[in-house]
>>> print(open('work.csv').read())   # CSV, C-alpha atoms
chain,number,residue,atom,x,y,z
A,1,MET,CA,25.2,-20.3,-39.4
A,2,SER,CA,21.7,-19.0,-38.7
A,3,SER,CA,20.6,-22.5,-37.8
A,4,ALA,CA,23.3,-22.6,-35.0
A,5,VAL,CA,22.2,-19.2,-33.7
A,6,SER,CA,18.5,-20.2,-33.7
A,7,LYS,CA,19.4,-23.5,-31.8
A,8,PHE,CA,21.4,-21.5,-29.3
A,9,VAL,CA,18.5,-19.0,-28.8
A,10,ALA,CA,16.1,-21.9,-28.4
A,11,VAL,CA,18.3,-23.5,-25.7
A,12,LEU,CA,18.5,-20.2,-23.9
A,13,LEU,CA,14.7,-19.8,-24.0
A,14,ALA,CA,14.2,-23.4,-22.8
A,15,VAL,CA,16.5,-22.8,-19.9
A,16,ALA,CA,14.7,-19.6,-19.0
A,17,LEU,CA,11.3,-21.3,-19.2
A,18,LEU,CA,12.4,-24.4,-17.3
A,19,PHE,CA,14.5,-22.9,-14.5
A,20,VAL,CA,14.4,-19.1,-14.2
A,21,TYR,CA,10.6,-18.6,-14.4
A,22,PRO,CA,9.8,-21.3,-11.8
A,23,ALA,CA,12.5,-19.9,-9.5
A,24,ALA,CA,11.1,-16.4,-9.9
A,25,GLU,CA,7.6,-17.7,-9.1
A,26,ALA,CA,8.9,-19.5,-6.0
A,27,TYR,CA,10.6,-16.4,-4.7
A,28,GLN,CA,7.4,-14.3,-5.3
A,29,LYS,CA,5.5,-16.9,-3.3
A,30,GLN,CA,8.1,-16.6,-0.5
A,31,ASP,CA,7.5,-12.8,-0.5
A,32,ASP,CA,3.8,-13.4,-0.3
A,33,LEU,CA,4.3,-15.7,2.7
A,34,SER,CA,6.5,-13.1,4.3
A,35,ARG,CA,3.8,-10.5,3.8
A,36,LEU,CA,1.3,-12.7,5.6
A,37,VAL,CA,3.7,-13.5,8.5
A,38,VAL,CA,4.6,-9.8,9.0
A,39,TYR,CA,0.9,-8.7,8.7
A,40,ASN,CA,-0.2,-11.2,11.3
A,41,ALA,CA,2.7,-10.4,13.6
A,42,VAL,CA,2.1,-6.6,13.4
A,43,THR,CA,-1.7,-6.9,14.0
A,44,GLN,CA,-1.2,-9.3,16.9
A,45,PHE,CA,1.5,-7.1,18.5
A,46,VAL,CA,-0.4,-3.9,18.2
A,47,ASP,CA,-3.7,-5.4,19.4
A,48,ALA,CA,-2.0,-6.9,22.4
A,49,VAL,CA,-0.4,-3.6,23.3
A,50,ARG,CA,-3.7,-1.8,22.8
A,51,ASN,CA,-5.7,-4.3,24.9
A,52,LYS,CA,-3.2,-4.4,27.8
A,53,GLY,CA,-2.3,-0.7,27.8
A,54,TYR,CA,1.4,-1.3,28.1
A,55,LEU,CA,4.5,-2.7,26.2
A,56,THR,CA,7.1,-4.9,27.8
A,57,PRO,CA,10.6,-5.9,26.5
A,58,VAL,CA,9.4,-9.5,26.2
A,59,MET,CA,6.4,-8.5,24.0
A,60,TYR,CA,8.7,-6.4,21.8
A,61,GLN,CA,11.4,-9.1,21.5
A,62,ASP,CA,8.8,-11.8,20.6
A,63,PHE,CA,7.4,-9.5,17.9
A,64,LEU,CA,10.9,-8.8,16.4
A,65,GLN,CA,11.7,-12.5,16.4
A,66,GLU,CA,8.5,-13.4,14.6
A,67,ILE,CA,9.0,-10.9,11.8
A,68,GLU,CA,12.7,-11.6,11.4
A,69,ALA,CA,11.9,-15.3,11.0
A,70,THR,CA,11.0,-14.3,7.4
A,71,GLY,CA,14.7,-13.8,6.7
A,72,ASN,CA,14.3,-10.1,6.0
A,73,ALA,CA,15.6,-7.1,7.9
A,74,PHE,CA,13.0,-4.6,9.1
A,75,ASP,CA,12.7,-1.0,10.2
A,76,VAL,CA,10.2,-0.9,13.0
A,77,GLN,CA,8.7,2.5,14.0
A,78,MET,CA,6.4,3.0,16.9
A,79,GLU,CA,4.2,6.0,17.7
A,80,HIS,CA,2.3,6.6,20.9
A,81,LEU,CA,0.0,9.7,21.0
A,82,HIS,CA,-1.0,10.5,24.6
A,83,LYS,CA,-4.3,12.3,25.0
A,84,LYS,CA,-4.2,15.4,27.1
A,85,TYR,CA,-7.1,17.5,28.3
A,86,THR,CA,-6.4,21.2,29.0
A,87,PRO,CA,-9.2,23.4,30.6
A,88,VAL,CA,-9.8,26.7,28.8
A,89,TYR,CA,-9.6,29.9,30.9
A,90,ALA,CA,-10.1,33.5,29.7
A,91,ASP,CA,-7.3,34.4,32.1
A,92,ALA,CA,-4.9,31.6,32.8
A,93,ALA,CA,-3.9,33.3,36.1
A,94,ASN,CA,-7.5,33.4,37.4
A,95,PRO,CA,-9.3,30.1,38.0
A,96,ASP,CA,-12.7,31.9,38.2
A,97,THR,CA,-12.5,32.6,34.4
A,98,PHE,CA,-13.1,28.9,33.4
A,99,GLN,CA,-14.9,28.9,30.1
A,100,ASP,CA,-16.7,25.5,30.5
A,101,ASP,CA,-14.6,24.0,27.8
A,102,VAL,CA,-11.6,21.7,27.5
A,103,ASP,CA,-9.0,21.5,24.7
A,104,VAL,CA,-8.0,18.0,23.7
A,105,SER,CA,-4.4,17.6,22.4
A,106,TYR,CA,-2.0,14.8,21.8
A,107,GLU,CA,1.6,14.5,22.9
A,108,GLY,CA,3.7,12.3,20.7
A,109,PHE,CA,6.2,9.7,21.9
A,110,TYR,CA,8.1,7.7,19.3
A,111,THR,CA,10.3,4.7,18.9
A,112,ALA,CA,13.4,6.1,20.7
A,113,ASP,CA,11.2,7.3,23.7
A,114,ILE,CA,9.5,3.9,24.0
A,115,LEU,CA,12.7,1.9,23.7
A,116,SER,CA,14.4,4.0,26.4
A,117,VAL,CA,11.7,2.9,28.8
A,118,ILE,CA,11.7,-0.8,28.0
A,119,TYR,CA,15.5,-1.0,27.6
A,120,PRO,CA,16.8,1.4,30.3
A,121,ASP,CA,20.5,1.9,31.1
A,122,ASN,CA,20.4,-0.4,34.1
A,123,THR,CA,20.3,-4.1,34.9
A,124,LEU,CA,16.7,-4.5,35.9
A,125,PRO,CA,15.2,-7.9,34.9
A,126,LYS,CA,13.0,-8.1,31.8
A,127,ASP,CA,9.8,-8.5,33.8
A,128,HIS,CA,10.4,-5.6,36.2
A,129,GLU,CA,7.5,-3.1,36.5
A,130,ALA,CA,9.8,-0.2,35.7
A,131,ARG,CA,10.4,-1.6,32.2
A,132,LYS,CA,6.8,-1.4,31.2
A,133,TYR,CA,5.9,1.4,28.8
A,134,ARG,CA,2.4,2.4,30.0
A,135,MET,CA,-0.4,4.0,28.1
A,136,ASN,CA,-3.8,5.3,29.0
A,137,VAL,CA,-7.3,4.5,27.6
A,138,GLY,CA,-8.0,6.9,24.8
A,139,ASP,CA,-4.3,7.1,23.7
A,140,PHE,CA,-3.3,6.0,20.2
A,141,PHE,CA,-0.6,3.4,19.4
A,142,LYS,CA,0.7,2.7,15.9
A,143,VAL,CA,3.5,0.5,14.5
A,144,THR,CA,4.9,0.8,11.0
A,145,VAL,CA,7.1,-2.0,9.7
A,146,ARG,CA,9.1,-1.8,6.4
A,147,ASN,CA,11.7,-4.2,5.0
A,148,ILE,CA,15.1,-2.5,4.5
A,149,ASN,CA,16.6,-5.3,2.4
A,150,ARG,CA,15.9,-6.4,-1.1
A,151,THR,CA,13.9,-9.6,-0.9
A,152,ALA,CA,14.7,-12.7,-2.9
A,153,GLY,CA,11.6,-12.1,-5.0
A,154,THR,CA,12.6,-8.6,-5.8
A,155,ILE,CA,16.1,-9.7,-6.8
A,156,MET,CA,14.8,-12.4,-9.1
A,157,LEU,CA,12.2,-10.1,-10.6
A,158,ASP,CA,14.9,-7.6,-11.4
A,159,PHE,CA,17.0,-10.3,-13.0
A,160,VAL,CA,14.1,-11.6,-15.2
A,161,THR,CA,13.0,-8.1,-16.2
A,162,GLY,CA,16.4,-6.6,-16.5
A,163,SER,CA,15.5,-3.6,-14.3
A,164,ILE,CA,16.3,-2.4,-10.8
A,165,SER,CA,13.3,-1.8,-8.6
A,166,GLY,CA,15.0,0.6,-6.3
A,167,ALA,CA,14.6,1.0,-2.6
A,168,ALA,CA,10.8,0.7,-2.3
A,169,PRO,CA,9.9,-1.7,0.5
A,170,VAL,CA,8.1,-4.8,-0.5
A,171,LEU,CA,6.9,-5.6,3.0
A,172,ALA,CA,5.4,-2.4,4.5
A,173,PHE,CA,2.6,-2.4,7.1
A,174,PRO,CA,1.2,0.5,9.2
A,175,TYR,CA,-1.2,-0.6,11.8
A,176,GLY,CA,-2.6,1.0,15.0
A,177,GLY,CA,-5.5,2.2,16.9
A,178,MET,CA,-6.9,3.5,20.2
A,179,VAL,CA,-5.6,2.0,23.5
A,180,LEU,CA,-8.6,0.1,24.9
A,181,ASN,CA,-7.5,-0.9,28.4
A,182,GLU,CA,-5.1,-0.2,31.2
A,183,ASP,CA,-3.9,-3.5,32.8
A,184,TYR,CA,-1.4,-2.5,35.4
>>> encode(input="work.csv", output="structure tokens")
Amino acid sequence: MSSAVSKFVAVLLAVALLFVYPAAEAYQKQDDLSRLVVYNAVTQFVDAVRNKGYLTPVMYQDFLQEIEATGNAFDVQMEHLHKKYTPVYADAANPDTFQDDVDVSYEGFYTADILSVIYPDNTLPKDHEARKYRMNVGDFFKVTVRNINRTAGTIMLDFVTGSISGAAPVLAFPYGGMVLNEDY
């Protein structure tokens, strides 16, 4: 009887080594390639926006198509921090009390604000000037991309290890920087 059990275990182990492990490795490599594609897409998109000083619907759609080509679903969050200069007065009602100082602050605009400009509630063509989200030199623009699905590599790893890896994103990239130009 123990001979039959040991043969059965040996066959299961052989199947695992011949089929499951190579499949798990292939899915992990697919996740690695997805990371590279998403990283390159995010850096190219953010750098293009920072160099031009604006974002258009075409730029955003091209970016989304590029990252979705990995077969994963993503949550894309954008952040624009607009630099504001406020002169400092001892008495705000009296312009003669200027203190020879300026406060620098940032006003934040986020994904919903940006999308409402590039996708307005009207039928303007995609390349219309009113659909450009404009930024100024010195502002900051940042994009954070996270996968919202379980990747094939994660599913296979969970199967092989017998665990559940939870909701932690496998593909997560924050990238941003200062707006360098204003091409209007």
>>> residues_around(input="work.csv", residues="Ala112 of chain A", least_positions_apart="4", cutoff="10 Å", atoms="all atoms listed in the file", output="PyMOL selection string")
chain A and resi 77-79+116-117
>>> closest_atom_pairs(input="work.csv", of="segment 110-152 of chain A", to="segment 53-69 of chain A", cutoff="9 Å", atoms="all atoms listed in the file", output="tab-separated table")
residue	atom	partner	partner_atom	distance
A:Ile114	CA	A:Leu55	CA	8.6
A:Leu115	CA	A:Pro57	CA	8.5
A:Ile118	CA	A:Pro57	CA	5.4
A:Tyr119	CA	A:Pro57	CA	7.0
A:Lys126	CA	A:Pro57	CA	6.2
A:Asp127	CA	A:Thr56	CA	7.5
A:Glu129	CA	A:Thr56	CA	8.9
A:Arg131	CA	A:Thr56	CA	6.4
A:Lys132	CA	A:Thr56	CA	4.9
A:Tyr133	CA	A:Leu55	CA	5.1
A:Arg134	CA	A:Tyr54	CA	4.3
A:Met135	CA	A:Gly53	CA	5.1
A:Asn136	CA	A:Gly53	CA	6.3
A:Val137	CA	A:Gly53	CA	7.2
>>> closest_atom_pairs(input="work.csv", of="segment 35-85 of chain A", to="segment 94-103 of chain A", cutoff="12 Å", atoms="only C-alpha atoms", output="CSV")
residue,atom,partner,partner_atom,distance
A:Lys83,CA,A:Asp103,CA,10.3
A:Lys84,CA,A:Asp103,CA,8.1
A:Tyr85,CA,A:Asp103,CA,5.7
>>> closest_residue(input="work.csv", among="A:Asp75, A:Asp113, A:Glu25, A:Asp183", to="Leu171 of chain A", atoms="all atoms listed in the file")
A:Asp75
>>> residues_around(input="work.csv", residues="Ser34 of chain A", least_positions_apart="4", cutoff="7 Å", atoms="all atoms listed in the file", output="list of chain:residue names")
A:Gln30, A:Val38, A:Thr70
>>> write_last_selection(input="work.csv", atoms="C-alpha atoms", output="PDB file, in the coordinates of the input")
ATOM      1  CA  GLN A  30       8.100 -16.600  -0.500  1.00  0.00           C
ATOM      2  CA  VAL A  38       4.600  -9.800   9.000  1.00  0.00           C
ATOM      3  CA  THR A  70      11.000 -14.300   7.400  1.00  0.00           C
TER       4      THR A  70
END
>>> residues_near_point(input="work.csv", point="(3.6, 2.3, 16.0)", cutoff="10 Å", atoms="all atoms listed in the file", output="list of chain:residue names")
A:Val42, A:Phe45, A:Val46, A:Val76, A:Gln77, A:Met78, A:Glu79, A:His80, A:Leu81, A:Phe109, A:Tyr110, A:Thr111, A:Phe140, A:Phe141, A:Lys142, A:Val143, A:Thr144, A:Val145, A:Pro174, A:Tyr175, A:Gly176, A:Gly177
>>> atom_distance(input="work.csv", atom1="atom CA of Arg35 of chain A", atom2="atom CA of Asn72 of chain A")
10.7 Å
>>> atom_distance(input="work.csv", atom1="atom CA of Asn147 of chain A", atom2="atom CA of Lys52 of chain A")
27.2 Å
>>> atom_distance(input="work.csv", atom1="atom CA of Asp31 of chain A", atom2="atom CA of Thr154 of chain A")
8.5 Å
>>> closest_residue(input="work.csv", among="A:Ile164, A:Val9, A:Ala92, A:Met156", to="Ala26 of chain A", atoms="only C-alpha atoms")
A:Met156
